[in-house]
$ cat work-v1.pdb   # PDB, C-alpha atoms
ATOM      1  CA  MET A  64      -8.067 -12.079   4.079  1.00  0.00           C
ATOM      2  CA  GLN A  65      -6.083 -13.378   7.028  1.00  0.00           C
ATOM      3  CA  ALA A  66      -4.166 -10.118   7.373  1.00  0.00           C
ATOM      4  CA  SER A  67      -7.405  -8.122   7.207  1.00  0.00           C
ATOM      5  CA  VAL A  68      -9.041 -10.183   9.948  1.00  0.00           C
ATOM      6  CA  GLU A  69      -5.930 -10.001  12.120  1.00  0.00           C
ATOM      7  CA  ARG A  70      -5.790  -6.225  11.621  1.00  0.00           C
ATOM      8  CA  LEU A  71      -9.437  -5.814  12.651  1.00  0.00           C
ATOM      9  CA  LEU A  72      -8.870  -7.978  15.716  1.00  0.00           C
ATOM     10  CA  SER A  73      -5.783  -5.954  16.677  1.00  0.00           C
ATOM     11  CA  TYR A  74      -8.081  -2.996  17.418  1.00  0.00           C
ATOM     12  CA  GLN A  75      -9.846  -5.124  20.061  1.00  0.00           C
ATOM     13  CA  PRO A  76     -13.340  -3.964  19.080  1.00  0.00           C
ATOM     14  CA  PRO A  77     -16.178  -4.656  21.531  1.00  0.00           C
ATOM     15  CA  ALA A  78     -18.322  -5.615  18.524  1.00  0.00           C
ATOM     16  CA  LEU A  79     -18.183  -5.882  14.760  1.00  0.00           C
ATOM     17  CA  TYR A  80     -20.977  -5.089  12.311  1.00  0.00           C
ATOM     18  CA  LEU A  81     -21.018  -7.627   9.507  1.00  0.00           C
ATOM     19  CA  ALA A  82     -22.999  -7.420   6.293  1.00  0.00           C
ATOM     20  CA  HIS A  83     -25.906  -9.885   6.357  1.00  0.00           C
ATOM     21  CA  PHE A  84     -25.342 -10.618  10.061  1.00  0.00           C
ATOM     22  CA  GLY A  85     -25.418  -7.300  11.900  1.00  0.00           C
ATOM     23  CA  GLN A  86     -23.680  -6.879  15.223  1.00  0.00           C
ATOM     24  CA  VAL A  87     -21.516  -9.685  16.545  1.00  0.00           C
ATOM     25  CA  ARG A  88     -19.635  -9.667  19.824  1.00  0.00           C
ATOM     26  CA  ASP A  89     -16.739 -11.785  21.077  1.00  0.00           C
ATOM     27  CA  ALA A  90     -14.585 -10.769  18.120  1.00  0.00           C
ATOM     28  CA  PRO A  91     -11.430 -12.546  19.340  1.00  0.00           C
ATOM     29  CA  ARG A  92     -13.147 -15.942  19.501  1.00  0.00           C
ATOM     30  CA  LEU A  93     -15.142 -15.500  16.304  1.00  0.00           C
ATOM     31  CA  GLY A  94     -12.146 -14.074  14.433  1.00  0.00           C
ATOM     32  CA  GLY A  95     -10.071 -17.042  15.539  1.00  0.00           C
ATOM     33  CA  ASP A  96     -12.825 -19.390  14.373  1.00  0.00           C
ATOM     34  CA  LEU A  97     -12.962 -17.628  11.004  1.00  0.00           C
ATOM     35  CA  LEU A  98      -9.202 -17.867  10.504  1.00  0.00           C
ATOM     36  CA  ARG A  99      -9.088 -21.520  11.571  1.00  0.00           C
ATOM     37  CA  GLN A 100     -11.995 -22.459   9.312  1.00  0.00           C
ATOM     38  CA  SER A 101     -10.652 -20.583   6.296  1.00  0.00           C
ATOM     39  CA  GLU A 102      -7.274 -22.297   6.735  1.00  0.00           C
ATOM     40  CA  ALA A 103      -9.054 -25.653   6.917  1.00  0.00           C
ATOM     41  CA  GLN A 104     -10.948 -24.893   3.700  1.00  0.00           C
ATOM     42  CA  VAL A 105      -7.749 -23.917   1.896  1.00  0.00           C
ATOM     43  CA  ALA A 106      -6.116 -27.145   3.107  1.00  0.00           C
ATOM     44  CA  LEU A 107      -9.133 -29.112   1.850  1.00  0.00           C
ATOM     45  CA  ALA A 108      -8.889 -27.469  -1.555  1.00  0.00           C
ATOM     46  CA  GLU A 109      -5.123 -28.025  -1.744  1.00  0.00           C
ATOM     47  CA  ARG A 110      -5.690 -31.761  -1.191  1.00  0.00           C
ATOM     48  CA  GLU A 111      -8.090 -31.766  -4.157  1.00  0.00           C
ATOM     49  CA  ARG A 112      -5.799 -30.209  -6.775  1.00  0.00           C
ATOM     50  CA  ASP A 113      -6.400 -33.113  -9.198  1.00  0.00           C
ATOM     51  CA  ASN A 114      -9.028 -31.950 -11.656  1.00  0.00           C
ATOM     52  CA  ASP A 115     -11.422 -34.797 -12.280  1.00  0.00           C
ATOM     53  CA  PRO A 116     -15.214 -34.978 -12.485  1.00  0.00           C
ATOM     54  CA  ALA A 117     -15.579 -36.054  -8.838  1.00  0.00           C
ATOM     55  CA  ARG A 118     -13.602 -33.127  -7.364  1.00  0.00           C
ATOM     56  CA  GLY A 119     -16.706 -31.033  -6.673  1.00  0.00           C
ATOM     57  CA  ALA A 120     -18.368 -33.873  -4.777  1.00  0.00           C
ATOM     58  CA  ARG A 121     -15.204 -34.474  -2.742  1.00  0.00           C
ATOM     59  CA  LEU A 122     -14.974 -30.762  -1.903  1.00  0.00           C
ATOM     60  CA  LEU A 123     -18.596 -30.745  -0.756  1.00  0.00           C
ATOM     61  CA  ALA A 124     -18.058 -33.868   1.355  1.00  0.00           C
ATOM     62  CA  GLY A 125     -14.945 -32.294   2.871  1.00  0.00           C
ATOM     63  CA  LEU A 126     -16.850 -29.118   3.735  1.00  0.00           C
ATOM     64  CA  TRP A 127     -19.487 -31.210   5.490  1.00  0.00           C
ATOM     65  CA  GLU A 128     -16.726 -32.931   7.460  1.00  0.00           C
ATOM     66  CA  LEU A 129     -15.478 -29.500   8.566  1.00  0.00           C
ATOM     67  CA  VAL A 130     -18.982 -28.398   9.552  1.00  0.00           C
ATOM     68  CA  ASN A 131     -19.647 -31.604  11.475  1.00  0.00           C
ATOM     69  CA  ALA A 132     -16.331 -31.274  13.308  1.00  0.00           C
ATOM     70  CA  GLU A 133     -17.112 -27.654  14.154  1.00  0.00           C
ATOM     71  CA  ALA A 134     -20.592 -28.598  15.341  1.00  0.00           C
ATOM     72  CA  ALA A 135     -19.088 -31.194  17.672  1.00  0.00           C
ATOM     73  CA  ARG A 136     -16.324 -28.828  18.833  1.00  0.00           C
ATOM     74  CA  GLN A 137     -18.756 -26.051  19.701  1.00  0.00           C
ATOM     75  CA  GLY A 138     -21.573 -28.260  20.984  1.00  0.00           C
ATOM     76  CA  TRP A 139     -24.177 -27.143  18.460  1.00  0.00           C
ATOM     77  CA  ARG A 140     -27.572 -28.587  19.350  1.00  0.00           C
ATOM     78  CA  LEU A 141     -29.102 -28.418  15.880  1.00  0.00           C
ATOM     79  CA  ALA A 142     -30.116 -31.862  14.600  1.00  0.00           C
ATOM     80  CA  ALA A 143     -28.261 -33.139  11.533  1.00  0.00           C
ATOM     81  CA  ASP A 144     -31.304 -32.827   9.242  1.00  0.00           C
ATOM     82  CA  SER A 145     -31.867 -29.240  10.377  1.00  0.00           C
ATOM     83  CA  LEU A 146     -28.187 -28.458   9.906  1.00  0.00           C
ATOM     84  CA  HIS A 147     -28.424 -29.758   6.341  1.00  0.00           C
ATOM     85  CA  ALA A 148     -31.571 -27.714   5.712  1.00  0.00           C
ATOM     86  CA  VAL A 149     -29.749 -24.578   6.852  1.00  0.00           C
ATOM     87  CA  LEU A 150     -26.372 -25.177   5.199  1.00  0.00           C
ATOM     88  CA  ASP A 151     -26.905 -27.344   2.091  1.00  0.00           C
ATOM     89  CA  GLU A 152     -27.064 -24.482  -0.413  1.00  0.00           C
ATOM     90  CA  TYR A 153     -24.344 -22.486   1.335  1.00  0.00           C
ATOM     91  CA  LEU A 154     -21.898 -25.395   1.335  1.00  0.00           C
ATOM     92  CA  ALA A 155     -22.743 -26.289  -2.266  1.00  0.00           C
ATOM     93  CA  LEU A 156     -21.838 -22.716  -3.265  1.00  0.00           C
ATOM     94  CA  ASN A 157     -18.632 -22.880  -1.218  1.00  0.00           C
ATOM     95  CA  ALA A 158     -17.671 -26.176  -2.888  1.00  0.00           C
ATOM     96  CA  GLN A 159     -18.267 -24.597  -6.306  1.00  0.00           C
ATOM     97  CA  ALA A 160     -16.177 -21.575  -5.313  1.00  0.00           C
ATOM     98  CA  LEU A 161     -13.297 -23.774  -4.144  1.00  0.00           C
ATOM     99  CA  ASP A 162     -13.523 -25.781  -7.363  1.00  0.00           C
ATOM    100  CA  GLY A 163     -13.427 -22.571  -9.401  1.00  0.00           C
ATOM    101  CA  TRP A 164     -10.473 -21.289  -7.378  1.00  0.00           C
ATOM    102  CA  LEU A 165      -8.588 -24.502  -8.064  1.00  0.00           C
ATOM    103  CA  ALA A 166      -9.451 -24.382 -11.767  1.00  0.00           C
ATOM    104  CA  GLN A 167      -8.304 -20.771 -12.016  1.00  0.00           C
ATOM    105  CA  ALA A 168      -5.065 -21.523 -10.165  1.00  0.00           C
ATOM    106  CA  ALA A 169      -4.269 -24.618 -12.239  1.00  0.00           C
ATOM    107  CA  PRO A 170      -1.287 -24.291 -14.603  1.00  0.00           C
ATOM    108  CA  ARG A 171      -2.327 -23.953 -18.228  1.00  0.00           C
ATOM    109  CA  PRO A 172      -0.205 -25.581 -20.943  1.00  0.00           C
ATOM    110  CA  GLY A 173       1.743 -22.983 -22.874  1.00  0.00           C
ATOM    111  CA  ARG A 174       0.821 -20.142 -20.546  1.00  0.00           C
ATOM    112  CA  ASP A 175       2.219 -21.085 -17.168  1.00  0.00           C
ATOM    113  CA  ALA A 176       5.082 -23.275 -18.347  1.00  0.00           C
ATOM    114  CA  VAL A 177       8.521 -22.051 -17.363  1.00  0.00           C
TER
END
$ encode --input "work-v1.pdb" --output "C-alpha coordinates"
Amino acid sequence: MQASVERLLSYQPPALYLAHFGQVRDAPRLGGDLLRQSEAQVALAERERDNDPARGARLLAGLWELVNAEAARQGWRLAADSLHAVLDEYLALNAQALDGWLAQAAPRPGRDAV
(Lines of atoms letter the chains of each structure in order from A and count residues from 1; the text may use other names and numbers.)
(Lines give C-alpha, C1' and ligand atoms only; values in the text may rest on other atoms or scores of the structure.)
Protein backbone atom coordinates (compact mmCIF):
# COMPACT_ATOMS: atom_id res chain seq x y z
CA MET A 1 0.00 0.00 0.00
CA GLN A 2 2.78 2.41 0.88
CA ALA A 3 4.33 2.13 -2.57
CA SER A 4 0.94 2.69 -4.21
CA VAL A 5 0.27 5.84 -2.19
CA GLU A 6 3.78 7.16 -2.84
CA ARG A 7 3.36 6.48 -6.57
CA LEU A 8 0.05 8.36 -6.68
CA LEU A 9 1.59 11.28 -4.80
CA SER A 10 4.56 11.36 -7.19
CA TYR A 11 2.19 12.52 -9.95
CA GLN A 12 1.38 15.61 -7.84
CA PRO A 13 -2.36 15.48 -8.57
CA PRO A 14 -4.42 18.59 -7.77
CA ALA A 15 -7.11 16.25 -6.40
CA LEU A 16 -7.86 12.59 -5.88
CA TYR A 17 -11.23 10.88 -6.22
CA LEU A 18 -11.66 8.29 -3.50
CA ALA A 19 -14.38 5.66 -3.28
CA HIS A 20 -16.88 6.56 -0.54
CA PHE A 21 -15.35 10.03 -0.13
CA GLY A 22 -15.36 11.69 -3.55
CA GLN A 23 -12.93 14.45 -4.37
CA VAL A 24 -10.20 15.31 -1.90
CA ARG A 25 -7.59 18.01 -2.33
CA ASP A 26 -4.25 18.59 -0.61
CA ALA A 27 -3.01 15.15 -1.63
CA PRO A 28 0.53 15.62 -0.27
CA ARG A 29 -0.70 16.35 3.26
CA LEU A 30 -3.45 13.74 3.25
CA GLY A 31 -1.18 11.12 1.67
CA GLY A 32 1.43 11.80 4.33
CA ASP A 33 -1.24 11.46 7.01
CA LEU A 34 -2.39 8.16 5.51
CA LEU A 35 1.13 6.75 5.41
CA ARG A 36 1.92 7.91 8.95
CA GLN A 37 -1.32 6.49 10.33
CA SER A 38 -0.97 3.16 8.55
CA GLU A 39 2.58 2.81 9.88
CA ALA A 40 1.30 3.58 13.37
CA GLN A 41 -1.40 0.90 13.03
CA VAL A 42 1.13 -1.68 11.87
CA ALA A 43 3.37 -0.78 14.82
CA LEU A 44 0.38 -1.16 17.17
CA ALA A 45 -0.40 -4.58 15.75
CA GLU A 46 3.25 -5.68 15.94
CA ARG A 47 3.26 -4.84 19.66
CA GLU A 48 0.23 -7.12 20.12
CA ARG A 49 1.62 -10.29 18.53
CA ASP A 50 0.79 -12.36 21.64
CA ASN A 51 -2.47 -14.13 20.92
CA ASP A 52 -4.60 -14.01 24.03
CA PRO A 53 -8.29 -13.26 24.60
CA ALA A 54 -7.63 -9.59 25.45
CA ARG A 55 -5.70 -8.79 22.25
CA GLY A 56 -8.76 -7.43 20.43
CA ALA A 57 -9.58 -5.06 23.29
CA ARG A 58 -5.96 -3.86 23.42
CA LEU A 59 -5.96 -3.26 19.66
CA LEU A 60 -9.18 -1.25 19.92
CA ALA A 61 -7.79 0.79 22.82
CA GLY A 62 -4.60 1.42 20.84
CA LEU A 63 -6.59 2.59 17.82
CA TRP A 64 -8.46 5.04 20.04
CA GLU A 65 -5.13 6.33 21.33
CA LEU A 66 -4.05 6.94 17.72
CA VAL A 67 -7.31 8.72 16.91
CA ASN A 68 -7.12 10.88 20.02
CA ALA A 69 -3.51 11.81 19.23
CA GLU A 70 -4.48 12.67 15.66
CA ALA A 71 -7.43 14.73 16.86
CA ALA A 72 -5.12 16.72 19.13
CA ARG A 73 -2.45 17.05 16.42
CA GLN A 74 -4.89 18.38 13.85
CA GLY A 75 -7.04 20.42 16.23
CA TRP A 76 -10.29 18.58 15.56
CA ARG A 77 -13.18 20.35 17.27
CA LEU A 78 -15.52 17.36 17.50
CA ALA A 79 -16.41 16.53 21.11
CA ALA A 80 -15.22 13.15 22.41
CA ASP A 81 -18.75 11.68 22.57
CA SER A 82 -19.42 12.77 18.98
CA LEU A 83 -16.08 11.36 17.87
CA HIS A 84 -17.03 8.02 19.43
CA ALA A 85 -20.45 8.11 17.77
CA VAL A 86 -18.78 8.63 14.39
CA LEU A 87 -15.86 6.21 14.76
CA ASP A 88 -16.88 3.43 17.18
CA GLU A 89 -17.97 0.92 14.53
CA TYR A 90 -15.15 1.85 12.16
CA LEU A 91 -12.46 1.37 14.80
CA ALA A 92 -14.05 -1.87 16.02
CA LEU A 93 -13.83 -3.21 12.46
CA ASN A 94 -10.23 -2.03 12.15
CA ALA A 95 -9.33 -3.74 15.44
CA GLN A 96 -10.91 -6.97 14.18
CA ALA A 97 -9.01 -6.66 10.90
CA LEU A 98 -5.70 -6.15 12.71
CA ASP A 99 -6.47 -9.12 14.95
CA GLY A 100 -7.24 -11.25 11.90
CA TRP A 101 -4.05 -10.09 10.18
CA LEU A 102 -2.03 -11.08 13.23
CA ALA A 103 -3.78 -14.46 13.46
CA GLN A 104 -3.15 -15.14 9.78
CA ALA A 105 0.51 -14.12 10.07
CA ALA A 106 1.13 -16.20 13.21
CA PRO A 107 3.39 -19.24 12.75
CA ARG A 108 1.47 -22.50 12.77
CA PRO A 109 3.04 -25.59 14.36
CA GLY A 110 4.15 -28.05 11.72
CA ARG A 111 3.50 -25.69 8.83
CA ASP A 112 5.77 -22.73 9.39
CA ALA A 113 8.50 -24.49 11.36
CA VAL A 114 11.91 -24.45 9.73
$ residues_near_point --input "work-v1.pdb" --point "(-15.1, -29.6, -0.1)" --cutoff "10 Å" --atoms "all atoms listed in the file" --output "PDB file with C-alpha atoms, keeping the file's coordinate frame"
ATOM      1  CA  GLN A 104     -10.948 -24.893   3.700  1.00  0.00           C
ATOM      2  CA  VAL A 105      -7.749 -23.917   1.896  1.00  0.00           C
ATOM      3  CA  ALA A 106      -6.116 -27.145   3.107  1.00  0.00           C
ATOM      4  CA  LEU A 107      -9.133 -29.112   1.850  1.00  0.00           C
ATOM      5  CA  ALA A 108      -8.889 -27.469  -1.555  1.00  0.00           C
ATOM      6  CA  ARG A 110      -5.690 -31.761  -1.191  1.00  0.00           C
ATOM      7  CA  GLU A 111      -8.090 -31.766  -4.157  1.00  0.00           C
ATOM      8  CA  ARG A 118     -13.602 -33.127  -7.364  1.00  0.00           C
ATOM      9  CA  GLY A 119     -16.706 -31.033  -6.673  1.00  0.00           C
ATOM     10  CA  ALA A 120     -18.368 -33.873  -4.777  1.00  0.00           C
ATOM     11  CA  ARG A 121     -15.204 -34.474  -2.742  1.00  0.00           C
ATOM     12  CA  LEU A 122     -14.974 -30.762  -1.903  1.00  0.00           C
ATOM     13  CA  LEU A 123     -18.596 -30.745  -0.756  1.00  0.00           C
ATOM     14  CA  ALA A 124     -18.058 -33.868   1.355  1.00  0.00           C
ATOM     15  CA  GLY A 125     -14.945 -32.294   2.871  1.00  0.00           C
ATOM     16  CA  LEU A 126     -16.850 -29.118   3.735  1.00  0.00           C
ATOM     17  CA  TRP A 127     -19.487 -31.210   5.490  1.00  0.00           C
ATOM     18  CA  GLU A 128     -16.726 -32.931   7.460  1.00  0.00           C
ATOM     19  CA  LEU A 129     -15.478 -29.500   8.566  1.00  0.00           C
ATOM     20  CA  LEU A 154     -21.898 -25.395   1.335  1.00  0.00           C
ATOM     21  CA  ALA A 155     -22.743 -26.289  -2.266  1.00  0.00           C
ATOM     22  CA  ASN A 157     -18.632 -22.880  -1.218  1.00  0.00           C
ATOM     23  CA  ALA A 158     -17.671 -26.176  -2.888  1.00  0.00           C
ATOM     24  CA  GLN A 159     -18.267 -24.597  -6.306  1.00  0.00           C
ATOM     25  CA  ALA A 160     -16.177 -21.575  -5.313  1.00  0.00           C
ATOM     26  CA  LEU A 161     -13.297 -23.774  -4.144  1.00  0.00           C
ATOM     27  CA  ASP A 162     -13.523 -25.781  -7.363  1.00  0.00           C
TER      28      ASP A 162
END
$ closest_residue --input "work-v1.pdb" --among "A:Ala142, A:Ala169, A:Ala148, A:Ala82" --to "A:Asp113" --atoms "only C-alpha atoms"
A:Ala169
$ atom_distance --input "work-v1.pdb" --atom1 "atom CA of A:Glu69" --atom2 "atom CA of A:Gln137"
21.9 Å
$ atom_distance --input "work-v1.pdb" --atom1 "atom CA of A:Trp164" --atom2 "atom CA of A:Pro91"
28.1 Å
$ atom_distance --input "work-v1.pdb" --atom1 "atom CA of A:Asn131" --atom2 "atom CA of A:Leu71"
27.8 Å
$ resolve_selection --input "work-v1.pdb" --expression "the PyMOL selection byres ((chain A and resi 79) around 12)" --output "ChimeraX atom specification"
/A:68,71-72,74-78,80-82,84-91,93-94
$ axis_aligned_box --input "work-v1.pdb" --around "stretch 91-99 of chain A" --padding-each-side "5 Å" --output "AutoDock Vina command-line options"
--center_x -12.1 --center_y -17.0 --center_z 15.0 --size_x 16.1 --size_y 19.0 --size_z 19.0
$ closest_residue --input "work-v1.pdb" --among "A:Gln167, A:Ser67, A:Asp151, A:Gly95" --to "A:Val130" --atoms "all atoms listed in the file"
A:Asp151
$ build_atoms --input "work-v1.pdb" --residues "stretch 95-110 of chain A" --atoms "N, CA and C atoms" --output "mmCIF file, keeping the file's coordinate frame"
data_model
loop_
_atom_site.group_PDB
_atom_site.id
_atom_site.type_symbol
_atom_site.label_atom_id
_atom_site.label_comp_id
_atom_site.auth_asym_id
_atom_site.auth_seq_id
_atom_site.Cartn_x
_atom_site.Cartn_y
_atom_site.Cartn_z
ATOM 1 N N GLY A 95 -10.905 -15.833 15.513
ATOM 2 C CA GLY A 95 -10.071 -17.042 15.539
ATOM 3 C C GLY A 95 -10.752 -18.203 14.836
ATOM 4 N N ASP A 96 -12.070 -18.339 15.064
ATOM 5 C CA ASP A 96 -12.825 -19.390 14.373
ATOM 6 C C ASP A 96 -12.781 -19.182 12.867
ATOM 7 N N LEU A 97 -12.983 -17.939 12.433
ATOM 8 C CA LEU A 97 -12.962 -17.628 11.004
ATOM 9 C C LEU A 97 -11.608 -17.980 10.387
ATOM 10 N N LEU A 98 -10.538 -17.579 11.037
ATOM 11 C CA LEU A 98 -9.202 -17.867 10.504
ATOM 12 C C LEU A 98 -8.934 -19.369 10.461
ATOM 13 N N ARG A 99 -9.304 -20.067 11.511
ATOM 14 C CA ARG A 99 -9.088 -21.520 11.571
ATOM 15 C C ARG A 99 -9.893 -22.232 10.484
ATOM 16 N N GLN A 100 -11.148 -21.823 10.317
ATOM 17 C CA GLN A 100 -11.995 -22.459 9.312
ATOM 18 C C GLN A 100 -11.542 -22.135 7.886
ATOM 19 N N SER A 101 -11.113 -20.911 7.650
ATOM 20 C CA SER A 101 -10.652 -20.583 6.296
ATOM 21 C C SER A 101 -9.367 -21.345 5.975
ATOM 22 N N GLU A 102 -8.487 -21.501 6.946
ATOM 23 C CA GLU A 102 -7.274 -22.297 6.735
ATOM 24 C C GLU A 102 -7.625 -23.755 6.452
ATOM 25 N N ALA A 103 -8.628 -24.270 7.143
ATOM 26 C CA ALA A 103 -9.054 -25.653 6.917
ATOM 27 C C ALA A 103 -9.647 -25.820 5.519
ATOM 28 N N GLN A 104 -10.379 -24.810 5.041
ATOM 29 C CA GLN A 104 -10.948 -24.893 3.700
ATOM 30 C C GLN A 104 -9.866 -24.815 2.630
ATOM 31 N N VAL A 105 -8.870 -23.985 2.842
ATOM 32 C CA VAL A 105 -7.749 -23.917 1.896
ATOM 33 C C VAL A 105 -7.021 -25.259 1.870
ATOM 34 N N ALA A 106 -6.788 -25.844 3.040
ATOM 35 C CA ALA A 106 -6.116 -27.145 3.107
ATOM 36 C C ALA A 106 -6.939 -28.213 2.380
ATOM 37 N N LEU A 107 -8.253 -28.181 2.562
ATOM 38 C CA LEU A 107 -9.133 -29.112 1.850
ATOM 39 C C LEU A 107 -8.969 -28.954 0.346
ATOM 40 N N ALA A 108 -9.027 -27.722 -0.117
ATOM 41 C CA ALA A 108 -8.889 -27.469 -1.555
ATOM 42 C C ALA A 108 -7.520 -27.923 -2.070
ATOM 43 N N GLU A 109 -6.476 -27.637 -1.320
ATOM 44 C CA GLU A 109 -5.123 -28.025 -1.744
ATOM 45 C C GLU A 109 -5.003 -29.545 -1.891
ATOM 46 N N ARG A 110 -5.719 -30.293 -1.074
ATOM 47 C CA ARG A 110 -5.690 -31.761 -1.191
ATOM 48 C C ARG A 110 -6.433 -32.239 -2.436
#
